[in-house]
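Dumped coords32.txt below, it's compact mmCIF, C-alpha atoms:
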```txt
# COMPACT_ATOMS: atom_id res chain seq x y z
CA MET A 267 2.81 -5.40 -31.54
CA GLY A 268 1.15 -2.07 -32.26
CA ASP A 269 2.09 1.48 -31.46
CA PRO A 270 4.09 1.56 -28.18
CA SER A 271 2.69 5.01 -27.46
CA LEU A 272 -0.66 3.31 -26.82
CA GLY A 273 0.70 1.60 -23.73
CA LEU A 274 1.31 -1.91 -25.07
CA PRO A 275 4.04 -3.79 -23.18
CA LEU A 276 7.68 -3.76 -24.12
CA LEU A 277 9.70 -6.81 -23.20
CA THR A 278 12.56 -6.55 -20.80
CA SER A 279 14.10 -8.63 -18.04
CA LEU A 280 13.59 -7.28 -14.53
CA HIS A 281 16.42 -9.29 -12.99
CA SER A 282 19.56 -7.45 -11.93
CA HIS A 283 21.83 -10.01 -13.57
CA VAL A 284 20.68 -9.59 -17.17
CA SER A 285 22.96 -11.06 -19.80
CA SER A 286 24.54 -8.74 -22.36
CA GLN A 287 24.60 -11.29 -25.14
CA GLU A 288 22.29 -10.87 -28.12
CA ALA A 289 18.78 -12.24 -27.72
CA THR A 290 18.26 -15.64 -29.25
CA GLU A 291 14.99 -16.57 -27.57
CA CYS A 292 11.84 -14.64 -26.85
CA PRO A 293 8.93 -15.32 -24.46
CA ARG A 294 5.91 -17.08 -25.90
CA GLY A 295 3.64 -14.79 -27.86
CA PHE A 296 6.29 -12.25 -28.81
CA SER A 297 8.58 -12.66 -31.81
CA ALA A 298 12.36 -12.25 -31.53
CA ARG A 299 11.99 -9.68 -34.33
CA THR A 300 9.71 -7.57 -32.12
CA ALA A 301 12.12 -7.70 -29.19
CA PHE A 302 15.05 -6.88 -31.48
CA PHE A 303 13.12 -3.92 -32.88
CA PHE A 304 12.89 -2.36 -29.43
CA GLY A 305 16.43 -3.44 -28.63
CA ILE A 306 15.76 -4.28 -25.02
CA TYR A 307 15.21 -8.01 -24.64
CA ARG A 308 17.97 -10.27 -23.34
CA PRO A 309 17.68 -13.80 -21.94
CA ASP A 310 18.18 -14.23 -18.21
CA PRO A 311 21.12 -16.55 -17.38
CA LEU A 312 19.54 -17.91 -14.17
CA TYR A 313 15.95 -18.13 -15.32
CA PRO A 314 15.83 -18.60 -19.09
CA ALA A 315 13.01 -16.71 -20.72
CA SER A 316 12.33 -19.53 -23.14
CA ASP A 317 9.08 -21.21 -22.32
CA PRO A 318 9.34 -24.96 -22.82
CA LYS A 319 6.06 -26.82 -22.99
CA MET A 320 4.92 -28.07 -19.65
CA SER A 321 5.09 -31.80 -19.20
CA ALA A 322 1.96 -33.87 -18.65
CA ASP A 323 2.77 -33.75 -14.92
CA PRO A 324 2.46 -30.09 -13.90
CA MET A 325 4.57 -30.71 -10.80
CA THR A 326 7.59 -31.52 -12.96
CA ALA A 327 7.04 -28.66 -15.39
CA ASN A 328 9.54 -25.85 -15.80
CA ALA A 329 7.22 -22.85 -15.89
CA PRO A 330 8.66 -19.36 -16.30
CA ILE A 331 8.65 -17.18 -13.20
CA THR A 332 6.79 -14.32 -14.80
CA GLN A 333 6.12 -12.64 -18.10
CA ASP A 334 8.38 -9.69 -17.37
CA VAL A 335 7.31 -6.42 -18.92
CA VAL A 336 7.70 -2.73 -18.61
CA THR A 337 4.64 -0.82 -19.74
CA ILE A 338 4.58 2.67 -21.13
CA PRO A 339 1.90 4.61 -19.19
CA ARG A 340 -1.31 5.04 -21.14
CA LYS A 341 -3.11 8.36 -20.94
CA ASP A 342 -6.88 8.19 -20.82
CA THR A 343 -7.38 10.45 -23.81
CA PRO A 344 -10.21 9.75 -26.29
CA ALA A 345 -9.64 10.10 -30.02
CA ASP A 346 -10.99 13.66 -29.93
CA GLY A 347 -8.23 14.71 -27.52
CA ARG A 348 -10.39 15.35 -24.47
CA LEU A 349 -8.98 14.13 -21.15
CA ASN A 350 -10.88 11.55 -19.10
CA LEU A 351 -11.39 12.85 -15.57
CA VAL A 352 -12.08 9.38 -14.18
CA GLY A 353 -8.98 7.98 -12.49
CA LEU A 354 -7.26 11.30 -11.87
CA THR A 355 -6.09 11.93 -8.32
CA ARG A 356 -7.38 15.07 -6.62
CA GLU A 357 -4.12 16.83 -7.47
CA GLY A 358 -4.30 15.58 -11.05
CA LEU A 359 -7.86 16.84 -11.34
CA ARG A 360 -6.82 20.22 -9.91
CA GLU A 361 -4.03 20.57 -12.46
CA ALA A 362 -6.38 19.60 -15.28
CA LEU A 363 -8.94 22.22 -14.25
CA ILE A 364 -6.32 24.96 -13.95
CA SER A 365 -5.02 24.05 -17.42
CA VAL A 366 -8.38 25.06 -18.95
CA GLY A 367 -8.63 28.36 -17.15
CA THR A 368 -9.98 27.59 -13.69
CA PRO A 369 -8.53 30.24 -11.33
CA GLU A 370 -6.12 28.66 -8.85
CA LYS A 371 -8.02 30.16 -5.91
CA GLN A 372 -11.17 28.35 -7.08
CA ALA A 373 -9.50 25.09 -8.07
CA LYS A 374 -9.87 23.27 -4.73
CA MET A 375 -13.58 24.10 -4.53
CA ARG A 376 -14.13 23.00 -8.15
CA VAL A 377 -12.27 19.75 -7.52
CA ASN A 378 -14.56 18.99 -4.57
CA GLN A 379 -17.68 19.76 -6.59
CA ILE A 380 -16.72 17.71 -9.64
CA TRP A 381 -15.35 14.86 -7.50
CA GLN A 382 -18.68 14.50 -5.73
CA TRP A 383 -20.61 14.58 -9.00
CA ILE A 384 -18.46 11.82 -10.52
CA TYR A 385 -17.84 9.51 -7.57
CA HIS A 386 -20.73 10.16 -5.16
CA TRP A 387 -23.61 10.77 -7.56
CA GLY A 388 -22.28 8.78 -10.52
CA VAL A 389 -22.91 11.60 -13.00
CA ARG A 390 -21.33 11.30 -16.48
CA ASP A 391 -22.76 14.47 -18.07
CA PHE A 392 -21.31 17.87 -17.21
CA ASP A 393 -24.69 19.49 -17.94
CA ALA A 394 -26.09 17.64 -14.92
CA MET A 395 -23.63 19.37 -12.56
CA THR A 396 -26.15 22.02 -11.58
CA ASN A 397 -24.05 23.78 -8.94
CA LEU A 398 -21.58 24.84 -11.66
CA ALA A 399 -22.17 27.85 -13.90
CA LYS A 400 -23.49 27.00 -17.36
CA ALA A 401 -20.47 28.56 -19.11
CA TYR A 402 -18.08 26.58 -16.88
CA ARG A 403 -19.94 23.36 -17.65
CA ALA A 404 -19.50 24.08 -21.35
CA THR A 405 -15.76 24.58 -20.81
CA LEU A 406 -15.54 21.25 -19.02
CA ALA A 407 -17.46 19.47 -21.80
CA ASP A 408 -15.18 20.98 -24.45
CA ASN A 409 -12.03 19.71 -22.75
CA PHE A 410 -12.93 16.64 -20.71
CA VAL A 411 -14.98 13.46 -20.66
CA ILE A 412 -16.23 11.22 -17.86
CA ALA A 413 -15.70 7.76 -19.34
CA VAL A 414 -15.85 4.26 -17.86
CA PRO A 415 -15.23 0.87 -19.50
CA GLU A 416 -17.89 -0.47 -21.84
CA VAL A 417 -19.85 -3.45 -20.54
CA VAL A 418 -19.80 -5.97 -23.40
CA SER A 419 -21.74 -8.68 -21.60
CA ARG A 420 -23.22 -9.53 -18.23
CA GLN A 421 -23.79 -13.08 -17.04
CA ILE A 422 -25.74 -13.97 -13.91
CA SER A 423 -25.04 -17.26 -12.16
CA ASP A 424 -27.68 -19.45 -10.57
CA ASP A 425 -26.27 -18.31 -7.19
CA GLY A 426 -26.64 -14.61 -8.06
CA THR A 427 -23.00 -13.97 -8.93
CA ARG A 428 -22.62 -11.48 -11.79
CA LYS A 429 -19.73 -11.52 -14.24
CA TYR A 430 -19.10 -8.49 -16.40
CA LEU A 431 -16.95 -8.56 -19.52
CA VAL A 432 -15.75 -4.98 -19.95
CA ARG A 433 -13.95 -3.49 -22.92
CA ILE A 434 -11.22 -0.92 -22.40
CA ALA A 435 -9.03 1.25 -24.63
CA GLY A 436 -7.48 -0.61 -27.54
CA GLY A 437 -10.37 -3.08 -27.70
CA HIS A 438 -8.96 -5.22 -24.87
CA GLU A 439 -11.26 -6.99 -22.43
CA VAL A 440 -11.15 -7.90 -18.75
CA GLU A 441 -13.58 -9.60 -16.42
CA THR A 442 -15.08 -8.25 -13.21
CA VAL A 443 -17.18 -10.33 -10.80
CA TYR A 444 -19.81 -9.24 -8.26
CA ILE A 445 -20.57 -11.74 -5.48
CA PRO A 446 -23.68 -11.03 -3.38
CA GLU A 447 -23.95 -12.40 0.15
CA ASP A 448 -26.42 -11.93 2.99
CA GLU A 449 -24.57 -9.12 4.76
CA ARG A 450 -22.24 -7.80 2.06
CA GLY A 451 -21.57 -7.63 -1.64
CA THR A 452 -18.03 -8.09 -2.93
CA LEU A 453 -16.65 -6.90 -6.25
CA CYS A 454 -13.63 -8.77 -7.59
CA ILE A 455 -11.74 -6.44 -9.91
CA SER A 456 -8.87 -6.88 -12.37
CA SER A 457 -5.63 -4.88 -12.55
CA GLN A 458 -4.10 -6.20 -15.78
CA VAL A 459 -5.22 -7.56 -19.15
CA GLY A 460 -3.92 -11.08 -18.79
CA CYS A 461 -1.29 -11.59 -16.12
CA THR A 462 2.45 -11.24 -15.63
CA LEU A 463 2.48 -14.46 -13.63
CA THR A 464 2.25 -18.05 -14.78
CA CYS A 465 0.59 -19.79 -11.82
CA SER A 466 -0.14 -23.29 -13.10
CA PHE A 467 -3.55 -23.66 -11.41
CA CYS A 468 -4.97 -20.32 -12.56
CA HIS A 469 -6.83 -19.84 -15.85
CA THR A 470 -5.75 -16.19 -16.14
CA GLY A 471 -2.15 -17.36 -15.92
CA THR A 472 -2.54 -19.14 -19.28
CA GLN A 473 -3.30 -15.79 -20.95
CA LYS A 474 -0.19 -13.78 -21.62
CA LEU A 475 0.00 -10.23 -20.33
CA VAL A 476 -1.25 -7.57 -22.73
CA ARG A 477 -0.90 -4.49 -20.57
CA ASN A 478 -1.56 -2.88 -17.21
CA LEU A 479 -4.87 -1.20 -16.58
CA THR A 480 -4.99 2.54 -15.94
CA PRO A 481 -6.49 4.00 -12.73
CA ALA A 482 -9.58 4.94 -14.77
CA GLU A 483 -9.98 1.36 -16.00
CA ILE A 484 -9.62 -0.01 -12.47
CA VAL A 485 -11.94 2.38 -10.64
CA GLY A 486 -14.20 2.26 -13.72
CA GLN A 487 -14.98 -1.38 -12.92
CA ILE A 488 -16.43 -0.25 -9.60
CA MET A 489 -18.46 2.44 -11.34
CA VAL A 490 -20.00 0.13 -13.97
CA ALA A 491 -20.92 -2.39 -11.27
CA ARG A 492 -22.67 0.38 -9.32
CA ASP A 493 -24.44 1.35 -12.55
CA ASP A 494 -25.72 -2.20 -12.98
CA LEU A 495 -26.75 -2.53 -9.33
CA GLY A 496 -28.48 0.87 -9.38
CA GLU A 497 -26.48 1.91 -6.35
CA TRP A 498 -25.74 5.55 -7.02
CA PRO A 499 -27.64 7.61 -4.42
CA GLU A 500 -30.75 9.57 -5.26
CA ARG A 501 -30.93 13.25 -4.41
CA GLY A 502 -33.09 13.85 -1.35
CA VAL A 503 -32.83 10.23 -0.18
CA GLY A 504 -30.74 9.51 2.93
CA SER A 505 -27.89 7.05 2.59
CA GLY A 506 -29.43 4.66 5.10
CA GLU A 507 -32.94 4.75 3.71
CA THR A 508 -32.34 2.31 0.88
CA GLY A 509 -30.84 -0.42 3.07
CA PRO A 510 -27.26 -1.72 3.27
CA ARG A 511 -24.83 -1.22 0.44
CA LEU A 512 -25.07 -3.79 -2.32
CA LEU A 513 -21.40 -3.22 -3.17
CA SER A 514 -19.68 -3.04 0.20
CA ASN A 515 -16.31 -4.71 -0.39
CA ILE A 516 -13.62 -4.78 -3.06
CA VAL A 517 -11.06 -7.52 -3.62
CA LEU A 518 -8.19 -7.12 -6.05
CA MET A 519 -8.28 -10.78 -6.98
CA GLY A 520 -9.32 -10.61 -10.62
CA MET A 521 -7.05 -10.76 -13.64
CA GLY A 522 -3.45 -9.71 -13.02
CA GLU A 523 -0.94 -9.19 -10.20
CA PRO A 524 -1.87 -5.87 -8.54
CA LEU A 525 1.62 -5.18 -7.21
CA TYR A 526 3.05 -5.28 -10.74
CA ASN A 527 0.76 -2.32 -11.47
CA PHE A 528 1.25 -0.59 -8.16
CA GLU A 529 0.81 3.10 -8.96
CA ALA A 530 -2.40 2.62 -10.94
CA VAL A 531 -3.86 0.32 -8.27
CA ARG A 532 -2.88 2.76 -5.52
CA ASP A 533 -4.48 5.74 -7.27
CA ALA A 534 -7.67 3.80 -8.04
CA MET A 535 -8.02 2.55 -4.47
CA GLN A 536 -7.41 6.01 -3.02
CA ILE A 537 -10.30 7.21 -5.17
CA ALA A 538 -12.48 4.34 -3.92
CA MET A 539 -11.62 5.16 -0.30
CA ASP A 540 -12.16 8.92 -0.60
CA GLY A 541 -14.90 9.92 1.83
CA GLU A 542 -16.53 12.36 -0.61
CA GLY A 543 -16.98 9.78 -3.33
CA ILE A 544 -17.37 6.01 -3.36
CA ALA A 545 -16.28 6.11 0.30
CA LEU A 546 -15.29 2.52 1.01
CA SER A 547 -13.31 1.91 4.19
CA ARG A 548 -9.75 0.69 3.67
CA ARG A 549 -10.70 -2.34 5.75
CA ARG A 550 -13.29 -3.26 3.12
CA ILE A 551 -10.63 -3.45 0.41
CA THR A 552 -8.37 -6.49 0.13
CA LEU A 553 -5.39 -6.65 -2.21
CA SER A 554 -4.20 -10.13 -3.12
CA THR A 555 -0.60 -10.67 -4.20
CA SER A 556 1.32 -13.75 -5.23
CA GLY A 557 4.26 -12.42 -3.27
CA VAL A 558 5.95 -9.40 -4.86
CA VAL A 559 8.07 -8.88 -1.76
CA PRO A 560 9.54 -5.41 -2.50
CA GLU A 561 6.06 -3.86 -2.78
CA ILE A 562 4.47 -5.35 0.34
CA ALA A 563 5.57 -2.68 2.84
CA ARG A 564 4.73 0.00 0.28
CA THR A 565 1.20 -1.39 0.06
CA ALA A 566 0.68 -0.70 3.75
CA GLU A 567 2.19 2.77 3.56
CA GLU A 568 0.53 4.07 0.38
CA ILE A 569 -2.75 2.13 0.22
CA GLY A 570 -3.32 0.80 3.73
CA CYS A 571 -5.83 -1.84 2.72
CA MET A 572 -6.15 -5.42 3.92
CA LEU A 573 -3.64 -7.89 2.49
CA ALA A 574 -4.07 -11.40 1.14
CA VAL A 575 -1.31 -13.66 -0.14
CA SER A 576 -1.68 -16.43 -2.70
CA PHE A 577 0.35 -18.94 -0.71
CA HIS A 578 -0.85 -22.39 -1.84
CA ALA A 579 2.11 -24.53 -0.73
CA THR A 580 4.29 -25.26 2.29
CA THR A 581 7.59 -26.05 0.55
CA ASP A 582 9.59 -24.11 -2.01
CA GLU A 583 9.69 -27.19 -4.22
CA VAL A 584 5.91 -27.28 -4.59
CA ARG A 585 5.38 -23.50 -4.57
CA ASP A 586 7.98 -23.08 -7.34
CA LYS A 587 5.65 -25.13 -9.54
CA LEU A 588 2.33 -23.65 -8.44
CA VAL A 589 3.43 -20.02 -8.08
CA PRO A 590 6.67 -19.65 -10.07
CA ILE A 591 7.37 -16.17 -8.68
CA ASN A 592 8.45 -18.16 -5.61
CA LYS A 593 11.74 -18.79 -7.44
CA ARG A 594 12.47 -15.10 -7.14
CA TRP A 595 11.07 -14.53 -3.63
CA PRO A 596 10.93 -17.90 -1.83
CA ILE A 597 8.73 -18.72 1.14
CA ALA A 598 11.18 -17.61 3.86
CA GLU A 599 11.68 -14.22 2.22
CA LEU A 600 7.96 -13.75 1.69
CA LEU A 601 7.12 -14.64 5.30
CA GLU A 602 9.76 -12.23 6.58
CA ALA A 603 8.12 -9.41 4.62
CA LEU A 604 4.68 -10.39 5.95
CA LYS A 605 5.91 -10.41 9.56
CA GLY A 606 6.90 -6.79 9.09
CA TYR A 607 3.67 -5.70 7.41
CA PRO A 608 2.78 -2.52 9.34
CA LYS A 609 -0.98 -3.03 9.18
CA ALA A 610 -0.96 -6.62 10.48
CA SER A 611 -2.68 -7.05 13.85
CA ASN A 612 -5.24 -9.29 15.50
CA SER A 613 -7.96 -7.03 14.13
CA GLU A 614 -6.40 -6.77 10.67
CA ARG A 615 -5.10 -10.22 9.91
CA ILE A 616 -3.29 -11.18 6.75
CA THR A 617 -5.25 -13.73 4.72
CA PHE A 618 -3.30 -16.70 3.41
CA GLU A 619 -5.11 -18.05 0.36
CA TYR A 620 -4.58 -21.76 -0.13
CA VAL A 621 -6.07 -23.55 -3.12
CA MET A 622 -6.82 -27.21 -2.40
CA LEU A 623 -5.31 -29.43 -5.10
CA LYS A 624 -5.87 -33.16 -4.89
CA GLY A 625 -2.69 -35.05 -4.07
CA VAL A 626 -0.52 -31.95 -4.45
CA ASN A 627 -0.75 -29.77 -1.33
CA ASP A 628 -3.63 -31.18 0.73
CA SER A 629 -2.07 -33.68 3.16
CA ASP A 630 -2.25 -33.53 6.96
CA GLU A 631 1.49 -32.85 6.95
CA ASP A 632 0.93 -29.85 4.67
CA ALA A 633 -1.62 -28.49 7.14
CA ARG A 634 0.73 -28.90 10.11
CA GLN A 635 3.61 -27.34 8.17
CA LEU A 636 1.42 -24.39 7.18
CA VAL A 637 0.63 -23.72 10.84
CA GLN A 638 4.34 -23.70 11.66
CA LEU A 639 5.22 -21.38 8.80
CA ILE A 640 2.76 -18.65 9.73
CA LYS A 641 3.54 -18.68 13.44
CA GLY A 642 3.96 -15.13 14.67
CA ILE A 643 1.88 -13.57 11.87
CA PRO A 644 -1.68 -12.38 12.65
CA ALA A 645 -3.37 -14.53 10.04
CA LYS A 646 -6.33 -16.50 8.83
CA ILE A 647 -6.21 -19.28 6.26
CA ASN A 648 -8.73 -19.10 3.45
CA LEU A 649 -9.08 -22.57 1.95
CA ILE A 650 -10.17 -22.45 -1.69
CA PRO A 651 -11.56 -25.60 -3.34
CA PHE A 652 -9.93 -25.66 -6.78
CA ASN A 653 -12.27 -24.36 -9.47
CA GLU A 654 -11.62 -26.38 -12.60
CA TRP A 655 -11.38 -24.89 -16.08
CA PRO A 656 -11.00 -26.49 -19.53
CA GLY A 657 -7.64 -28.24 -19.71
CA ALA A 658 -6.80 -27.65 -16.05
CA PRO A 659 -3.93 -29.90 -14.93
CA TYR A 660 -5.29 -30.37 -11.40
CA LYS A 661 -8.32 -31.76 -9.61
CA ARG A 662 -10.16 -30.38 -6.60
CA SER A 663 -9.39 -32.05 -3.29
CA ASP A 664 -12.18 -34.24 -1.95
CA TRP A 665 -14.48 -32.43 0.47
CA ALA A 666 -13.57 -34.81 3.33
CA ARG A 667 -9.90 -34.00 2.75
CA ILE A 668 -10.58 -30.25 2.71
CA ARG A 669 -12.52 -30.48 5.98
CA ALA A 670 -9.77 -32.53 7.63
CA PHE A 671 -7.17 -29.98 6.50
CA ALA A 672 -9.29 -27.13 7.87
CA ASP A 673 -9.76 -28.92 11.18
CA ILE A 674 -6.00 -29.18 11.78
CA ILE A 675 -5.60 -25.46 11.17
CA TYR A 676 -8.59 -24.55 13.34
CA LYS A 677 -7.34 -26.64 16.26
CA ALA A 678 -4.01 -24.82 16.00
CA GLY A 679 -5.84 -21.56 16.72
CA TYR A 680 -6.33 -20.09 13.25
CA ALA A 681 -9.56 -19.32 11.44
CA SER A 682 -9.79 -21.61 8.44
CA PRO A 683 -12.93 -20.82 6.45
CA ILE A 684 -13.58 -22.89 3.34
CA ARG A 685 -14.53 -20.58 0.51
CA THR A 686 -17.82 -21.53 -1.08
CA PRO A 687 -17.34 -21.76 -4.86
CA ARG A 688 -19.43 -19.03 -6.50
CA GLY A 689 -20.26 -18.50 -10.15
CA GLU A 690 -18.74 -21.76 -11.40
CA ASP A 691 -21.51 -22.17 -13.96
CA ILE A 692 -20.44 -18.92 -15.69
CA MET A 693 -16.66 -19.41 -15.20
CA ALA A 694 -16.59 -16.58 -12.64
CA ALA A 695 -15.10 -18.49 -9.70
CA CYS A 696 -11.67 -17.91 -8.22
CA GLY A 697 -8.95 -18.80 -10.74
CA GLN A 698 -11.35 -19.08 -13.69
CA LEU A 699 -11.23 -15.55 -15.11
CA LYS A 700 -9.97 -15.03 -18.63
CA SER A 701 -11.06 -12.50 -21.21
CA ALA A 702 -13.77 -13.93 -23.47
CA THR A 703 -11.98 -13.11 -26.71
CA GLU A 704 -8.91 -14.98 -25.55
CA ARG A 705 -11.00 -17.91 -24.36
CA ALA A 706 -12.96 -18.11 -27.62
CA ARG A 707 -9.85 -17.80 -29.74
CA LYS A 708 -8.42 -21.05 -28.43
CA SER A 709 -9.72 -24.55 -28.87
CA ARG A 710 -9.94 -26.95 -25.96
CA ALA A 711 -6.91 -28.75 -27.40
CA GLU A 712 -4.86 -25.55 -27.41
CA ILE A 713 -5.85 -24.74 -23.84
CA ALA A 714 -4.98 -28.26 -22.74
CA ALA A 715 -1.61 -28.01 -24.49
CA GLU A 716 -0.79 -24.75 -22.73
CA ALA A 717 -1.76 -26.32 -19.41
CA GLY A 718 0.70 -29.14 -20.02
CA LEU A 719 -1.70 -31.97 -20.73
CA THR A 720 -0.41 -32.81 -24.22
```
What is this file in structure tokens?
Amino acid sequence: MGDPSLGLPLLTSLHSHVSSQEATECPRGFSARTAFFFGIYRPDPLYPASDPKMSADPMTANAPITQDVVTIPRKDTPADGRLNLVGLTREGLREALISVGTPEKQAKMRVNQIWQWIYHWGVRDFDAMTNLAKAYRATLADNFVIAVPEVVSRQISDDGTRKYLVRIAGGHEVETVYIPEDERGTLCISSQVGCTLTCSFCHTGTQKLVRNLTPAEIVGQIMVARDDLGEWPERGVGSGETGPRLLSNIVLMGMGEPLYNFEAVRDAMQIAMDGEGIALSRRRITLSTSGVVPEIARTAEEIGCMLAVSFHATTDEVRDKLVPINKRWPIAELLEALKGYPKASNSERITFEYVMLKGVNDSDEDARQLVQLIKGIPAKINLIPFNEWPGAPYKRSDWARIRAFADIIYKAGYASPIRTPRGEDIMAACGQLKSATERARKSRAEIAAEAGLT
């Protein structure tokens, strides 16, 4: 399990009706001895935490709702004790500077200067911060670092998509994907190592949660992508002189459920939106959730970005299998929360993501039911052809079926774009992400077994 002070997850049930009896079962990947050591794991009487093997038919499988965890916050402190300034809020940065002797009256000015060096210019060396006194730069270097995740590998797809494997504290790895298009470039970033959820069509869902990412590890993915794209501005060169931004949009659609790591995601996105740094508009950031209902309104209030929902089914029976968190917050409850989303309007529509699975959720009746369900919500439907992965228990719907489904939605008055699969040849497409070490550690037979095919 490792040292809990390093931020590794501790098991606990998040349900309000936790049993008081002694633990006899433990979620896959964690021993009962480990849970007993921390003294906090108990089985849930309504949703047992035991994880029976999925049957060969994924639609009859009894998948767990979620890998429930509580994580101890990890501080971004290198082995030498210096604090990482990346990921700190403006107030956090101010407090850090005051703690090493910066006069309070100067702190706001110093925050602005250092913030711009880190997030506008992309500087990682305090000596390069030439508008700071040499002695002050030395003080900063003695106490702080400017550290981003290490890029372990970069793969480039035939279609130009780039997939980065980045290593973070503790030797863990996550994947980040850059998708270039004619008029924009989108970076798909991760919020967790592994995932709390167990969505049966998603490759990441077969990798158990290791831990949440810190704000530094989340915003650091943006910074390393800008490094690779050479997109930090040059001094003396106007922002419009080098053409449009290569990295213009962010989607929180990588590994993990962002709303199960809310505070870190919020802080990282506020850094990305800050006008004196990376300076992305909130409307160019989309957070995708599988439906963590209690955090939806909070997302609008504290982040204010665009919202996407991994919907994928029109009945609770089917969605319980595809997106097991539906057992906790079923479709009616999720839709009620979306109808009240403060940011929703005709100009800021909620995106309903709908993966097209052959013979599972792709009928004409499903399309008509979907239209009825979202009535009254400013929305568009993003149809996602299923991207297969080794051992996947589903097949992609035929293209004729996808187009017929889209046509029904379009004629009902909703935009229904069909997402073009990108980066399939490097396993970078939607639903295919999984850290390379985890992928390499398992044989095809093991992956197939976890997916319920054996």
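In this structure, atom CA of A:Leu363 sits 9.4 Å away from atom CA of A:Asn409.
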Counting only C-alpha atoms, what is within 7 Å of A:Ala672, bar same-chain residues fewer than 4 positions away, as an mmCIF file with C-alpha atoms, in the frame of the given file?
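Below you can see around05.cif, which holds the result:
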```
data_model
loop_
_atom_site.group_PDB
_atom_site.id
_atom_site.type_symbol
_atom_site.label_atom_id
_atom_site.label_comp_id
_atom_site.auth_asym_id
_atom_site.auth_seq_id
_atom_site.Cartn_x
_atom_site.Cartn_y
_atom_site.Cartn_z
ATOM 1 C CA ILE A 668 -10.580 -30.250 2.710
ATOM 2 C CA TYR A 676 -8.590 -24.550 13.340
ATOM 3 C CA SER A 682 -9.790 -21.610 8.440
#
```
- Message: What's around A:Val558 at 12 Å? Count only C-alpha atoms, leave out sequence neighbours fewer than 3 positions away in its own chain, and write the answer as a ChimeraX atom specification.
- Response: /A:331-332,462-463,523-528,553-555,561-565,574-577,589-597,599-601,603-604
Deliver the residues from the most recent selection as a file, using C-alpha atoms, as a PDB file, keeping the file's coordinate frame.
```pdb
ATOM      1  CA  ILE A 331       8.650 -17.180 -13.200  1.00  0.00           C
ATOM      2  CA  THR A 332       6.790 -14.320 -14.800  1.00  0.00           C
ATOM      3  CA  THR A 462       2.450 -11.240 -15.630  1.00  0.00           C
ATOM      4  CA  LEU A 463       2.480 -14.460 -13.630  1.00  0.00           C
ATOM      5  CA  GLU A 523      -0.940  -9.190 -10.200  1.00  0.00           C
ATOM      6  CA  PRO A 524      -1.870  -5.870  -8.540  1.00  0.00           C
ATOM      7  CA  LEU A 525       1.620  -5.180  -7.210  1.00  0.00           C
ATOM      8  CA  TYR A 526       3.050  -5.280 -10.740  1.00  0.00           C
ATOM      9  CA  ASN A 527       0.760  -2.320 -11.470  1.00  0.00           C
ATOM     10  CA  PHE A 528       1.250  -0.590  -8.160  1.00  0.00           C
ATOM     11  CA  LEU A 553      -5.390  -6.650  -2.210  1.00  0.00           C
ATOM     12  CA  SER A 554      -4.200 -10.130  -3.120  1.00  0.00           C
ATOM     13  CA  THR A 555      -0.600 -10.670  -4.200  1.00  0.00           C
ATOM     14  CA  GLU A 561       6.060  -3.860  -2.780  1.00  0.00           C
ATOM     15  CA  ILE A 562       4.470  -5.350   0.340  1.00  0.00           C
ATOM     16  CA  ALA A 563       5.570  -2.680   2.840  1.00  0.00           C
ATOM     17  CA  ARG A 564       4.730   0.000   0.280  1.00  0.00           C
ATOM     18  CA  THR A 565       1.200  -1.390   0.060  1.00  0.00           C
ATOM     19  CA  ALA A 574      -4.070 -11.400   1.140  1.00  0.00           C
ATOM     20  CA  VAL A 575      -1.310 -13.660  -0.140  1.00  0.00           C
ATOM     21  CA  SER A 576      -1.680 -16.430  -2.700  1.00  0.00           C
ATOM     22  CA  PHE A 577       0.350 -18.940  -0.710  1.00  0.00           C
ATOM     23  CA  VAL A 589       3.430 -20.020  -8.080  1.00  0.00           C
ATOM     24  CA  PRO A 590       6.670 -19.650 -10.070  1.00  0.00           C
ATOM     25  CA  ILE A 591       7.370 -16.170  -8.680  1.00  0.00           C
ATOM     26  CA  ASN A 592       8.450 -18.160  -5.610  1.00  0.00           C
ATOM     27  CA  LYS A 593      11.740 -18.790  -7.440  1.00  0.00           C
ATOM     28  CA  ARG A 594      12.470 -15.100  -7.140  1.00  0.00           C
ATOM     29  CA  TRP A 595      11.070 -14.530  -3.630  1.00  0.00           C
ATOM     30  CA  PRO A 596      10.930 -17.900  -1.830  1.00  0.00           C
ATOM     31  CA  ILE A 597       8.730 -18.720   1.140  1.00  0.00           C
ATOM     32  CA  GLU A 599      11.680 -14.220   2.220  1.00  0.00           C
ATOM     33  CA  LEU A 600       7.960 -13.750   1.690  1.00  0.00           C
ATOM     34  CA  LEU A 601       7.120 -14.640   5.300  1.00  0.00           C
ATOM     35  CA  ALA A 603       8.120  -9.410   4.620  1.00  0.00           C
ATOM     36  CA  LEU A 604       4.680 -10.390   5.950  1.00  0.00           C
TER      37      LEU A 604
END
```
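Atom pair atom CA of A:Val432 / atom CA of A:Val490 has a distance of 8.9 Å (rounded to one decimal).
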- In the coordinate frame of the file, compute which residues have an atom within 7 Å of (-6.3, -17.4, 11.5) when using all atoms listed in the file, and state them as a ChimeraX atom specification. /A:644-647,679-682
- Task: Kindly give the distance, in Å, that separates atom CA of A:Gln487 and atom CA of A:Pro446, rounded to a single decimal.
- Result: 16.1 Å
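For the residues A:Arg477, A:Arg585, A:Arg492, A:Arg348, ranking by smallest atom-to-atom distance to A:Asp408 using all atoms listed in the file places A:Arg348 first.
Nearest-residue note for A:Glu449: choosing from A:Pro510, A:Arg501, A:Met489, A:Gly426, the minimum distance belongs to A:Pro510, counting only C-alpha atoms.
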